[in-house]
Amino acid sequence: MEAARIKVTIRCNVCGEKFVLRGRREKGSIDTGFKQCICNNANDLDIEEHSMF
């Protein structure tokens, strides 16, 4: 079975940059490939997910 595709909005709490990505839900986690913001912040992020139909 193929993993469910979801839309993820990631906002950096340090610089305010916003990223909208597509990812896959696998084994209870979301894989988008996102590592860190352009300001080198990798921990202080707001992550919001939206289902794709």
# chains A, B, ... in the order shown; residues from 1 in each chain; ligands from 1

$ residues_around --residues "Thr9 in chain A" --least-positions-apart "6" --cutoff "10 Å" --atoms "only C-alpha atoms" --output "list in words"
Lys18, Phe19, Val20, Leu21, Arg22, Asp46, Ile47, Glu48, Glu49 and His50 of chain A

$ write_last_selection --atoms "all heavy atoms" --output "PDB file, in the first residue's frame"
ATOM      1  N   LYS A  18       8.415  30.816   5.713  1.00  0.00           N
ATOM      2  CA  LYS A  18       7.355  29.814   5.603  1.00  0.00           C
ATOM      3  C   LYS A  18       7.646  28.901   4.421  1.00  0.00           C
ATOM      4  O   LYS A  18       8.000  29.366   3.335  1.00  0.00           O
ATOM      5  CB  LYS A  18       6.018  30.516   5.410  1.00  0.00           C
ATOM      6  CG  LYS A  18       4.846  29.610   5.241  1.00  0.00           C
ATOM      7  CD  LYS A  18       3.586  30.449   5.083  1.00  0.00           C
ATOM      8  CE  LYS A  18       2.448  29.645   4.547  1.00  0.00           C
ATOM      9  NZ  LYS A  18       1.269  30.462   4.279  1.00  0.00           N
ATOM     10  N   PHE A  19       7.506  27.601   4.636  1.00  0.00           N
ATOM     11  CA  PHE A  19       7.733  26.603   3.601  1.00  0.00           C
ATOM     12  C   PHE A  19       6.478  25.752   3.468  1.00  0.00           C
ATOM     13  O   PHE A  19       5.918  25.319   4.471  1.00  0.00           O
ATOM     14  CB  PHE A  19       8.904  25.685   3.972  1.00  0.00           C
ATOM     15  CG  PHE A  19      10.186  26.428   4.239  1.00  0.00           C
ATOM     16  CD1 PHE A  19      10.504  26.831   5.525  1.00  0.00           C
ATOM     17  CD2 PHE A  19      11.059  26.713   3.216  1.00  0.00           C
ATOM     18  CE1 PHE A  19      11.679  27.509   5.782  1.00  0.00           C
ATOM     19  CE2 PHE A  19      12.244  27.394   3.458  1.00  0.00           C
ATOM     20  CZ  PHE A  19      12.552  27.799   4.746  1.00  0.00           C
ATOM     21  N   VAL A  20       6.031  25.500   2.243  1.00  0.00           N
ATOM     22  CA  VAL A  20       4.887  24.620   1.992  1.00  0.00           C
ATOM     23  C   VAL A  20       5.430  23.451   1.175  1.00  0.00           C
ATOM     24  O   VAL A  20       5.942  23.633   0.077  1.00  0.00           O
ATOM     25  CB  VAL A  20       3.758  25.348   1.230  1.00  0.00           C
ATOM     26  CG1 VAL A  20       2.620  24.386   0.939  1.00  0.00           C
ATOM     27  CG2 VAL A  20       3.275  26.547   2.016  1.00  0.00           C
ATOM     28  N   LEU A  21       5.323  22.249   1.742  1.00  0.00           N
ATOM     29  CA  LEU A  21       5.908  21.057   1.141  1.00  0.00           C
ATOM     30  C   LEU A  21       4.882  19.945   1.034  1.00  0.00           C
ATOM     31  O   LEU A  21       3.868  19.957   1.738  1.00  0.00           O
ATOM     32  CB  LEU A  21       7.072  20.563   2.011  1.00  0.00           C
ATOM     33  CG  LEU A  21       8.174  21.569   2.312  1.00  0.00           C
ATOM     34  CD1 LEU A  21       9.065  21.039   3.405  1.00  0.00           C
ATOM     35  CD2 LEU A  21       8.977  21.861   1.076  1.00  0.00           C
ATOM     36  N   ARG A  22       5.144  18.992   0.170  1.00  0.00           N
ATOM     37  CA  ARG A  22       4.361  17.768   0.114  1.00  0.00           C
ATOM     38  C   ARG A  22       5.209  16.658   0.709  1.00  0.00           C
ATOM     39  O   ARG A  22       6.416  16.612   0.515  1.00  0.00           O
ATOM     40  CB  ARG A  22       4.017  17.409  -1.326  1.00  0.00           C
ATOM     41  CG  ARG A  22       2.966  18.304  -1.909  1.00  0.00           C
ATOM     42  CD  ARG A  22       2.613  17.863  -3.280  1.00  0.00           C
ATOM     43  NE  ARG A  22       3.818  17.957  -4.128  1.00  0.00           N
ATOM     44  CZ  ARG A  22       3.894  17.539  -5.372  1.00  0.00           C
ATOM     45  NH1 ARG A  22       2.859  16.966  -5.932  1.00  0.00           N
ATOM     46  NH2 ARG A  22       4.988  17.674  -6.058  1.00  0.00           N
ATOM     47  N   ASP A  46       7.242  25.545  13.641  1.00  0.00           N
ATOM     48  CA  ASP A  46       5.833  25.181  13.754  1.00  0.00           C
ATOM     49  C   ASP A  46       5.477  24.366  12.522  1.00  0.00           C
ATOM     50  O   ASP A  46       5.669  24.828  11.394  1.00  0.00           O
ATOM     51  CB  ASP A  46       4.938  26.420  13.806  1.00  0.00           C
ATOM     52  CG  ASP A  46       4.974  27.108  15.156  1.00  0.00           C
ATOM     53  OD1 ASP A  46       5.281  26.436  16.157  1.00  0.00           O
ATOM     54  OD2 ASP A  46       4.709  28.326  15.192  1.00  0.00           O
ATOM     55  N   ILE A  47       4.956  23.164  12.729  1.00  0.00           N
ATOM     56  CA  ILE A  47       4.611  22.274  11.620  1.00  0.00           C
ATOM     57  C   ILE A  47       3.118  22.006  11.649  1.00  0.00           C
ATOM     58  O   ILE A  47       2.571  21.593  12.664  1.00  0.00           O
ATOM     59  CB  ILE A  47       5.393  20.955  11.720  1.00  0.00           C
ATOM     60  CG1 ILE A  47       6.899  21.253  11.713  1.00  0.00           C
ATOM     61  CG2 ILE A  47       5.003  20.010  10.586  1.00  0.00           C
ATOM     62  CD1 ILE A  47       7.762  20.056  11.993  1.00  0.00           C
ATOM     63  N   GLU A  48       2.465  22.275  10.514  1.00  0.00           N
ATOM     64  CA  GLU A  48       1.029  22.083  10.385  1.00  0.00           C
ATOM     65  C   GLU A  48       0.779  21.208   9.164  1.00  0.00           C
ATOM     66  O   GLU A  48       1.323  21.476   8.098  1.00  0.00           O
ATOM     67  CB  GLU A  48       0.340  23.443  10.221  1.00  0.00           C
ATOM     68  CG  GLU A  48      -1.144  23.396  10.163  1.00  0.00           C
ATOM     69  CD  GLU A  48      -1.740  24.791  10.041  1.00  0.00           C
ATOM     70  OE1 GLU A  48      -1.094  25.764  10.460  1.00  0.00           O
ATOM     71  OE2 GLU A  48      -2.835  24.886   9.487  1.00  0.00           O
ATOM     72  N   GLU A  49      -0.027  20.186   9.322  1.00  0.00           N
ATOM     73  CA  GLU A  49      -0.290  19.296   8.190  1.00  0.00           C
ATOM     74  C   GLU A  49      -1.718  19.430   7.693  1.00  0.00           C
ATOM     75  O   GLU A  49      -2.633  19.739   8.450  1.00  0.00           O
ATOM     76  CB  GLU A  49       0.008  17.847   8.559  1.00  0.00           C
ATOM     77  CG  GLU A  49      -0.850  17.279   9.651  1.00  0.00           C
ATOM     78  CD  GLU A  49      -0.459  15.851   9.970  1.00  0.00           C
ATOM     79  OE1 GLU A  49       0.455  15.664  10.758  1.00  0.00           O
ATOM     80  OE2 GLU A  49      -1.115  14.939   9.412  1.00  0.00           O
ATOM     81  N   HIS A  50      -1.886  19.235   6.389  1.00  0.00           N
ATOM     82  CA  HIS A  50      -3.184  19.325   5.713  1.00  0.00           C
ATOM     83  C   HIS A  50      -3.301  18.103   4.816  1.00  0.00           C
ATOM     84  O   HIS A  50      -2.360  17.767   4.118  1.00  0.00           O
ATOM     85  CB  HIS A  50      -3.279  20.583   4.855  1.00  0.00           C
ATOM     86  CG  HIS A  50      -2.864  21.828   5.568  1.00  0.00           C
ATOM     87  ND1 HIS A  50      -3.688  22.514   6.406  1.00  0.00           N
ATOM     88  CD2 HIS A  50      -1.678  22.484   5.576  1.00  0.00           C
ATOM     89  CE1 HIS A  50      -3.044  23.563   6.897  1.00  0.00           C
ATOM     90  NE2 HIS A  50      -1.824  23.564   6.402  1.00  0.00           N
TER      91      HIS A  50
END

$ residues_around --residues "Arg5 in chain A" --least-positions-apart "6" --cutoff "10 Å" --atoms "only C-alpha atoms" --output "list in words"
Arg22, Gly23, Arg24, Arg25, Glu26, Ile30, Asp31, Thr32, His50, Ser51, Met52 and Phe53 of chain A

$ atom_distance --atom1 "CA of Asn43 in chain A" --atom2 "CA of Glu17 in chain A"
13.7 Å

$ atom_distance --atom1 "CA of Ser29 in chain A" --atom2 "CA of Cys12 in chain A"
19.4 Å

$ residues_around --residues "Asp44 in chain A" --least-positions-apart "3" --cutoff "8 Å" --atoms "only C-alpha atoms" --output "count of residues only"
4

$ select_by_dssp --residues "chain A" --states "strand (DSSP E)" --output "list in words"
Ala4, Arg5, Ile6, Lys7, Val8, Thr9, Ile10, Arg11, Cys12, Lys18, Phe19, Val20, Leu21, Arg22, Gly23, Arg24, Arg25, Glu26, Ser29, Ile30, Asp31, Leu45, Asp46, Ile47, Glu48, Glu49, His50 and Ser51 of chain A
